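J.: What follows is a single structure, and I will ask about it in a moment.
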Amino acid sequence: MALQVNVNDILSQLYHQRGVVEFLFANRDNITVNELLNREDISAEQYQKLKSLDLVYEYENIVSLNDAVVAMFEDFMEIGEVTPGFINDYINELNRHIRFYQEAREMRFLRSIKKYLKRINATLTREIIKLQKNVDDTYKNESNYRIKLQKLEDYREKRDTIIEFIKKTTDVVEETRSLFALTNDSELYGIVSALKVSLIENLDYLIEIQTDITDFINKIQFQIDVYKKAQRLKEIKEHGSLYYKTNFKEIVQNINTLKHNGHKTPKTKIAVDFLFTDDGHVLCKRIAEKYKLTRLMVRGIAGKMAGNFKDKGLEQQIKLDTEKLVERFLVQTKTNLFEYLMDYKFPKAIGTVTFEDRLSLFVEIAMEYQTVLDFKYRLQYYDYNETGSTVKKRLGYTLILPAKQKEKAKKEKVKKDDSEKE
Amino acid sequence: MLAEDFNLPKQTHDIFGIMARGNFISSNGTKDGMNRLYDIVNNPDNFDRLQAYFNVIRYNIERGNNFFYFSKLNEPNSEIEKKLERFERYIDIVDLLASMDNKITIGSRFRPSEIAEECNANVRLKQKLQKIPLYRSETLHNKVREICDLMSRDSFLELEDEKTESYKVLDSYSYLLDVINSVAIYEDSGNSDDAQGLIYN
C-alpha cells in the first residue's frame with residue numbers, strides 16, 4: 001500500500017466517489033483515464049487521491065478498480081467467477097483451530113472454530129449459487145461455441161472440487177463430534193447441525209448442476225454434429241449426388257408438416273348467425289365495397305357504448321332519489337329527518353334498503369343540504385338491530401327538521417337549478 | 001359433437017391460426033404471445049384436448065424439442081418436387097449459418113448486416129451465399145435479408161427488433177437440424193470423423 005490507510009479513509013473515499021466507483025465497476029477493463037476525467041463528478045485531484053489510496057490503478061492508460069474492491073462487490077452480489085479455493089482455506093483454518101482447541105480448551109479457539117464453520121456453510125452455498133448462475137449464463141450467452149464447451153468443462157471440474165470440499169467438511173465434523181460434544185456449547189451444536197443439513201442439501205444441488213452441465217454439453221455437441229453433417233450434405237449436393245448418395249429423397253418425402261405439403265388453410269363457410277353480429281357486418285361491408293354491392297351496405301352499426309355506462313346510470317339514479325327525497329321531506333313537518341328516512345317507503349325498483357343504507361343516506365343529506373335544514377343540536381336515541389344479527393344496539397342522532405323559511409329554501413333551490421342549467 | 005364438448009383452452013383459435021398456416025409454435029418465440037401459446041399447448045391436459053379436437057379435421061399436433069406443429073393424417077403425397085427444392089435450400093441456409101465464425105444456432109441473435117459483412121470478407125462464404133437460389137437480390141446484404149425474411153415467414157426465425165433488424169433463432173430451427181440429422185449418407189468414407197469438434201469454415 002502506498003499510504004498508511006484506515007477503514008474510515010477507504011469508506012469515505014468510496015462513498016464520495018460512489019458515482020465513479022459504480023461506473024468503473026459496471027465497465028470493467030475498458031475505461032481510459034481521459035474518459036474518466038471527462039466525467040463531471042471527478043476532478044484530477046480527486047482521481048489522484050483515489051490512486052494514492054490504491055483504490056484504482058492505471059495500466060497502459062486503462063483505469064481499473066482495485067481487485068479487492070471488485071471482489072468484495074462481487075462477493076456481496078453473488079456474481080463473478082466461482083472460487084472454491086476459499087473453502088479449502090477455511091477448512092484448513094478450521095482444522096488448525098481444532099488442533100489448538102484440543103491442546104488447550106480455551107474459549108478463543110472455540111470462537112474461531114464457530115466462525116469458520118459458519119463461513120464454510122455460507123461460502124459453500126454462495127459458490128453453488130454462483131456456479132449455477134455461471135453455467136446457465138455460459139450456455140445461453142457465450143457466443144463462441146469452443147469457449148462455451150471449454151467453460152462448461154471447467155465448471156464441471158469446479159463442481160467436483162466443491163463436492164470434494166463437502167466431503168472433507170463432513171469428515172471434519174464427524175471426527176470432531178466427540179470433541180464438540182465435550183464442549184457442551186449449544187451454539188456450536190446449532191451451527192454444526194445447520195451445517196450438516198446444508199451439506200446434504202448442497203450435494204443435491206450439485207447433482208442437479210451436473211445434469212444441467214451434461215445436458216448443455218450434449219446439446220452443443222449435437223448441434224456441432226448436425227452442422228458438420230449439414231456441411232457434408234452441402235458438399236455432396238454440390239457434387240450433384242445428393243439423390244444418389246443419401247436417402248434425402250425418402251426423408252423429405254416423409255416430411256409431414258403442413259407447410260411443406262402445400263396444404264392451404266382450410267376454408268369453411270361463414271356461419272349465418274355470425275353475419276348478423278356487428279363483426280359480421282363489418283365483414284359484409286368490406287365485401288360489399290370490394291364487389292360494389294349496395295344492398296349489403298344499408299345496415300349501419302350503432303355507435304360504441306361507453307364502457308362504464310352501467311355505473312353511470314346507477315349513480316344518476318341515486319342522486320335523483322336524494323334530491324326528490326329531500327324535497328318531500330322539506331314539505332312535511334311531522335317528523336325529523338332521521339325518523340323520516342327510517343320509515344320512508346322506497347320504491348320497489350331500488351330493492352330492499354337496509355338500515356345501514358338509510359343511515360348513510362341520512363349522513364349524506366345532512367352534509368349536502370345543510371342550507372335548507374334546521375339543525376337542532378339535540379340528541380335523540382334510536383334502538384335497532386344490525387342487519388343480519390339479533391344484537392340490540394342504540395344509536396344517538398341529531399335532530400334535524402326542515403328549515404322554517406321554506407321560501408328561502410325554495411329560492412335557493414331555484415337558484416341552484418338555474419346554475420345547473422347554465 | 002360440439003366444440004364445447006372438448007373443453008378447449010380459449011386460445012385454441014390463435015393456436016390454430018398459427019399452426020394451420022404451417023407455422024411452428026416455439027417456446028422461445030415472443031411475437032404475438034407465442035411463448036404463452038406454447039405453454040398452453042404444452043400443458044398435458046390441453047394437449048390431449050387439442051389433439052382430439054384437431055384430429056376431427058385430420059390434423060395432428062406434432063411435438064418437437066420445445067416446439068409444436070401440425071401434420072396431416074393421410075396426406076396426399078403431392079408436390080414432392082417443390083418439397084425437395086425447399087429442403088435443398090434449407091440445407092444451403094443451415095450450411096451458411098453453420099459456417100459463420102459465430103455459429104448461429106437456436107437462441108442466437110444476429111443482424112443480417114453481420115452475416116453480409118462476414119461473407120464479404122471470406123471468399124468461401126461469399127460463394128456459398130451467392131449460390132443459394134434466390135432471385136431479385138443484387139447486393140449480398142439484400143440477399144441475407146431475403147433469406148432472413150424467408151426463414152421468418154417459415155417461423156424458424158423471429159424479427160426481434162425492427163429498428164436494429166435483429167433476428168432471433170427460434171426453437172423450431174431444431175426441426176431443420178433433426179431433418180438434416182436423419183439423412184443417412186451412403187458409403188461414408190469416414191473422413192469426417194477425424195476432425196471431431198471442428199467445423200470447416
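Residue numbering restarts at 1 in every chain; chains get A, B, ... in the order shown in the C-alpha cells, and ligands count up from 1 in that same order.
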Distance cut-off 10 Å, counting only C-alpha atoms - which residues of chain A neighbour chain B? Return them as a VMD selection string.
T.: chain A and resid 140 to 146 149 220 to 238 242 to 266
J.: Keeping only N, CA and C atoms, write the selected residues to a file as a compact mmCIF listing (two decimals), in the first residue's frame.
T.:
```txt
# COMPACT_ATOMS: atom_id res chain seq x y z
N LYS A 140 -26.24 -19.89 -22.27
CA LYS A 140 -27.14 -19.02 -23.01
C LYS A 140 -26.42 -17.89 -23.73
N ASN A 141 -25.32 -17.40 -23.17
CA ASN A 141 -24.78 -16.16 -23.71
C ASN A 141 -23.40 -16.26 -24.36
N GLU A 142 -22.66 -17.31 -24.07
CA GLU A 142 -21.34 -17.39 -24.68
C GLU A 142 -21.51 -17.70 -26.16
N SER A 143 -20.98 -16.80 -27.00
CA SER A 143 -21.29 -16.97 -28.42
C SER A 143 -20.30 -17.91 -29.12
N ASN A 144 -19.09 -17.96 -28.62
CA ASN A 144 -18.13 -18.83 -29.28
C ASN A 144 -18.26 -20.24 -28.73
N TYR A 145 -18.64 -21.19 -29.56
CA TYR A 145 -19.02 -22.49 -29.02
C TYR A 145 -17.83 -23.26 -28.46
N ARG A 146 -16.62 -23.01 -28.98
CA ARG A 146 -15.47 -23.75 -28.45
C ARG A 146 -15.17 -23.30 -27.03
N LEU A 149 -17.87 -24.70 -24.72
CA LEU A 149 -17.61 -26.08 -24.29
C LEU A 149 -16.54 -26.12 -23.22
N ILE A 220 -24.89 -28.94 -27.19
CA ILE A 220 -23.92 -28.25 -28.04
C ILE A 220 -23.27 -29.25 -28.99
N GLN A 221 -22.92 -30.41 -28.44
CA GLN A 221 -22.28 -31.43 -29.25
C GLN A 221 -23.19 -31.85 -30.40
N PHE A 222 -24.48 -32.00 -30.08
CA PHE A 222 -25.44 -32.39 -31.10
C PHE A 222 -25.49 -31.35 -32.21
N GLN A 223 -25.54 -30.08 -31.79
CA GLN A 223 -25.61 -29.03 -32.79
C GLN A 223 -24.36 -29.01 -33.66
N ILE A 224 -23.23 -29.25 -33.03
CA ILE A 224 -21.99 -29.27 -33.80
C ILE A 224 -22.03 -30.43 -34.81
N ASP A 225 -22.48 -31.59 -34.33
CA ASP A 225 -22.55 -32.75 -35.22
C ASP A 225 -23.47 -32.46 -36.40
N VAL A 226 -24.63 -31.87 -36.09
CA VAL A 226 -25.57 -31.59 -37.16
C VAL A 226 -24.98 -30.59 -38.14
N TYR A 227 -24.29 -29.61 -37.62
CA TYR A 227 -23.69 -28.63 -38.50
C TYR A 227 -22.64 -29.27 -39.41
N LYS A 228 -21.89 -30.20 -38.83
CA LYS A 228 -20.91 -30.90 -39.66
C LYS A 228 -21.62 -31.66 -40.77
N LYS A 229 -22.72 -32.28 -40.36
CA LYS A 229 -23.47 -33.06 -41.34
C LYS A 229 -24.03 -32.15 -42.42
N ALA A 230 -24.55 -30.99 -42.01
CA ALA A 230 -25.10 -30.07 -42.99
C ALA A 230 -24.02 -29.69 -44.00
N GLN A 231 -22.80 -29.52 -43.51
CA GLN A 231 -21.72 -29.16 -44.43
C GLN A 231 -21.37 -30.31 -45.36
N ARG A 232 -21.43 -31.53 -44.82
CA ARG A 232 -21.19 -32.71 -45.67
C ARG A 232 -22.24 -32.79 -46.77
N LEU A 233 -23.51 -32.63 -46.34
CA LEU A 233 -24.60 -32.72 -47.31
C LEU A 233 -24.45 -31.68 -48.39
N LYS A 234 -24.06 -30.52 -47.97
CA LYS A 234 -23.90 -29.42 -48.92
C LYS A 234 -22.81 -29.80 -49.94
N GLU A 235 -21.75 -30.38 -49.44
CA GLU A 235 -20.67 -30.80 -50.34
C GLU A 235 -21.20 -31.81 -51.35
N ILE A 236 -21.92 -32.82 -50.81
CA ILE A 236 -22.46 -33.86 -51.69
C ILE A 236 -23.39 -33.24 -52.71
N LYS A 237 -24.16 -32.28 -52.25
CA LYS A 237 -25.12 -31.63 -53.14
C LYS A 237 -24.39 -30.90 -54.26
N GLU A 238 -23.30 -30.29 -53.90
CA GLU A 238 -22.57 -29.54 -54.93
C GLU A 238 -21.97 -30.48 -55.96
N LEU A 242 -26.68 -35.69 -54.41
CA LEU A 242 -27.49 -35.71 -53.20
C LEU A 242 -28.55 -36.81 -53.25
N TYR A 243 -29.14 -37.02 -54.43
CA TYR A 243 -30.22 -38.00 -54.53
C TYR A 243 -29.69 -39.43 -54.61
N TYR A 244 -28.42 -39.56 -54.92
CA TYR A 244 -27.90 -40.91 -55.14
C TYR A 244 -27.09 -41.42 -53.96
N LYS A 245 -26.40 -40.50 -53.29
CA LYS A 245 -25.53 -40.94 -52.20
C LYS A 245 -26.21 -40.89 -50.83
N THR A 246 -27.38 -40.29 -50.77
CA THR A 246 -28.05 -40.18 -49.47
C THR A 246 -29.53 -40.56 -49.64
N ASN A 247 -30.19 -40.74 -48.52
CA ASN A 247 -31.63 -41.02 -48.60
C ASN A 247 -32.44 -39.74 -48.43
N PHE A 248 -31.87 -38.64 -48.89
CA PHE A 248 -32.50 -37.32 -48.79
C PHE A 248 -33.93 -37.35 -49.33
N LYS A 249 -34.08 -38.03 -50.47
CA LYS A 249 -35.38 -38.01 -51.13
C LYS A 249 -36.46 -38.67 -50.26
N GLU A 250 -36.11 -39.84 -49.71
CA GLU A 250 -37.12 -40.52 -48.87
C GLU A 250 -37.46 -39.70 -47.64
N ILE A 251 -36.41 -39.15 -47.03
CA ILE A 251 -36.64 -38.36 -45.82
C ILE A 251 -37.59 -37.21 -46.11
N VAL A 252 -37.29 -36.50 -47.18
CA VAL A 252 -38.13 -35.35 -47.50
C VAL A 252 -39.53 -35.80 -47.88
N GLN A 253 -39.62 -36.96 -48.56
CA GLN A 253 -40.94 -37.46 -48.92
C GLN A 253 -41.79 -37.71 -47.67
N ASN A 254 -41.12 -38.16 -46.62
CA ASN A 254 -41.88 -38.50 -45.42
C ASN A 254 -42.17 -37.31 -44.53
N ILE A 255 -41.69 -36.16 -44.93
CA ILE A 255 -41.94 -34.98 -44.10
C ILE A 255 -43.42 -34.65 -44.15
N ASN A 256 -44.00 -34.44 -42.99
CA ASN A 256 -45.45 -34.32 -42.95
C ASN A 256 -45.95 -32.99 -42.42
N THR A 257 -45.08 -31.99 -42.40
CA THR A 257 -45.59 -30.70 -41.93
C THR A 257 -46.57 -30.14 -42.94
N LEU A 258 -47.49 -29.33 -42.43
CA LEU A 258 -48.50 -28.76 -43.32
C LEU A 258 -47.86 -27.91 -44.39
N LYS A 259 -46.94 -27.07 -43.94
CA LYS A 259 -46.37 -26.06 -44.82
C LYS A 259 -45.73 -26.69 -46.05
N HIS A 260 -45.01 -27.76 -45.79
CA HIS A 260 -44.20 -28.29 -46.89
C HIS A 260 -44.98 -29.25 -47.77
N ASN A 261 -46.27 -29.40 -47.51
CA ASN A 261 -47.07 -30.24 -48.37
C ASN A 261 -48.08 -29.44 -49.16
N GLY A 262 -47.91 -28.13 -49.14
CA GLY A 262 -48.77 -27.29 -49.95
C GLY A 262 -50.21 -27.26 -49.48
N HIS A 263 -50.44 -27.62 -48.20
CA HIS A 263 -51.81 -27.52 -47.69
C HIS A 263 -52.13 -26.07 -47.49
N LYS A 264 -53.28 -25.69 -47.98
CA LYS A 264 -53.72 -24.32 -47.72
C LYS A 264 -54.55 -24.35 -46.44
N THR A 265 -54.68 -23.20 -45.82
CA THR A 265 -55.54 -23.12 -44.65
C THR A 265 -56.93 -23.58 -45.05
N PRO A 266 -57.53 -24.48 -44.29
CA PRO A 266 -58.84 -24.99 -44.69
C PRO A 266 -59.86 -23.87 -44.73
```
J.: Tell me, as a PyMOL selection string, which residues lie within 12 Å of Gln102 of chain A, counting only C-alpha atoms; anything in the same chain fewer than 6 positions away does not count.
T.: chain A and resi 95-96+109-110+113+176+178-180+182-183
J.: Taking 4 positions as the minimum chain separation for residues in the same chain, which residues sit within 10 Å of Lys51 of chain A when counting only C-alpha atoms? Answer as a ChimeraX atom specification.
T.: /A:2,45-47,55-58,63,65-66
J.: Using only C-alpha atoms, which residues sit within 10 Å of Gln11 of chain B once same-chain residues fewer than 3 positions away are excluded, as a list in words?
T.: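 So, after excluding close chain neighbours, the residues are Leu8, Asp14, Ile15, Phe16, Gly17, Arg36, Leu37, Ile40 and Val41 of chain B.
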J.: Using only C-alpha atoms, which of the listed residues (B:Lys31, B:Arg111, B:Arg58, B:His13) sits closest to Ile147 of chain B?
T.: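 That would be B:Arg111, the residue with the smallest distance to Ile147 of chain B.
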J.: Among segment 34-102 of chain B, which ones does DSSP assign to alpha helix (DSSP H) (computed from the backbone)? Answer as a PyMOL selection string.
T.: chain B and resi 34-42+44-55+80-98
J.: What's around Leu129 of chain B at 8 Å? Count only C-alpha atoms, leave out sequence neighbours fewer than 6 positions away in its own chain, and write the answer as a ChimeraX atom specification.
T.: /B:96,119,140,143-144
J.: Identify, on the basis of only C-alpha atoms, every residue whose closest approach to Gln13 of chain A does not exceed 10 Å; exclude the query and any residue fewer than 4 positions from it along the same chain; express the result as a PyMOL selection string.
T.: chain A and resi 7-9+17-18+21+46+49-50+53+55
J.: Can you list, as an mmCIF file with C-alpha atoms, in the first residue's frame, every protein, DNA or RNA residue that comes within 10 Å of Glu153 of chain A when you count only C-alpha atoms, leaving out same-chain residues fewer than 6 positions away?
T.:
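For reference, part12.cif as written:
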```cif
data_model
loop_
_atom_site.group_PDB
_atom_site.id
_atom_site.type_symbol
_atom_site.label_atom_id
_atom_site.label_comp_id
_atom_site.auth_asym_id
_atom_site.auth_seq_id
_atom_site.Cartn_x
_atom_site.Cartn_y
_atom_site.Cartn_z
ATOM 1 C CA VAL A 135 -23.372 -22.446 -16.032
ATOM 2 C CA ILE A 147 -15.022 -21.454 -25.484
ATOM 3 C CA ARG A 159 -18.204 -28.825 -9.252
ATOM 4 C CA ILE A 213 -23.925 -29.229 -17.497
ATOM 5 C CA THR A 214 -24.078 -32.647 -19.158
ATOM 6 C CA ILE A 217 -22.700 -30.118 -23.404
#
```
J.: What does the structure give for the distance between atom CA of Phe165 of chain A and atom CA of Ala104 of chain A, in Å to one decimal?
T.: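 The value is 27.1 Å.
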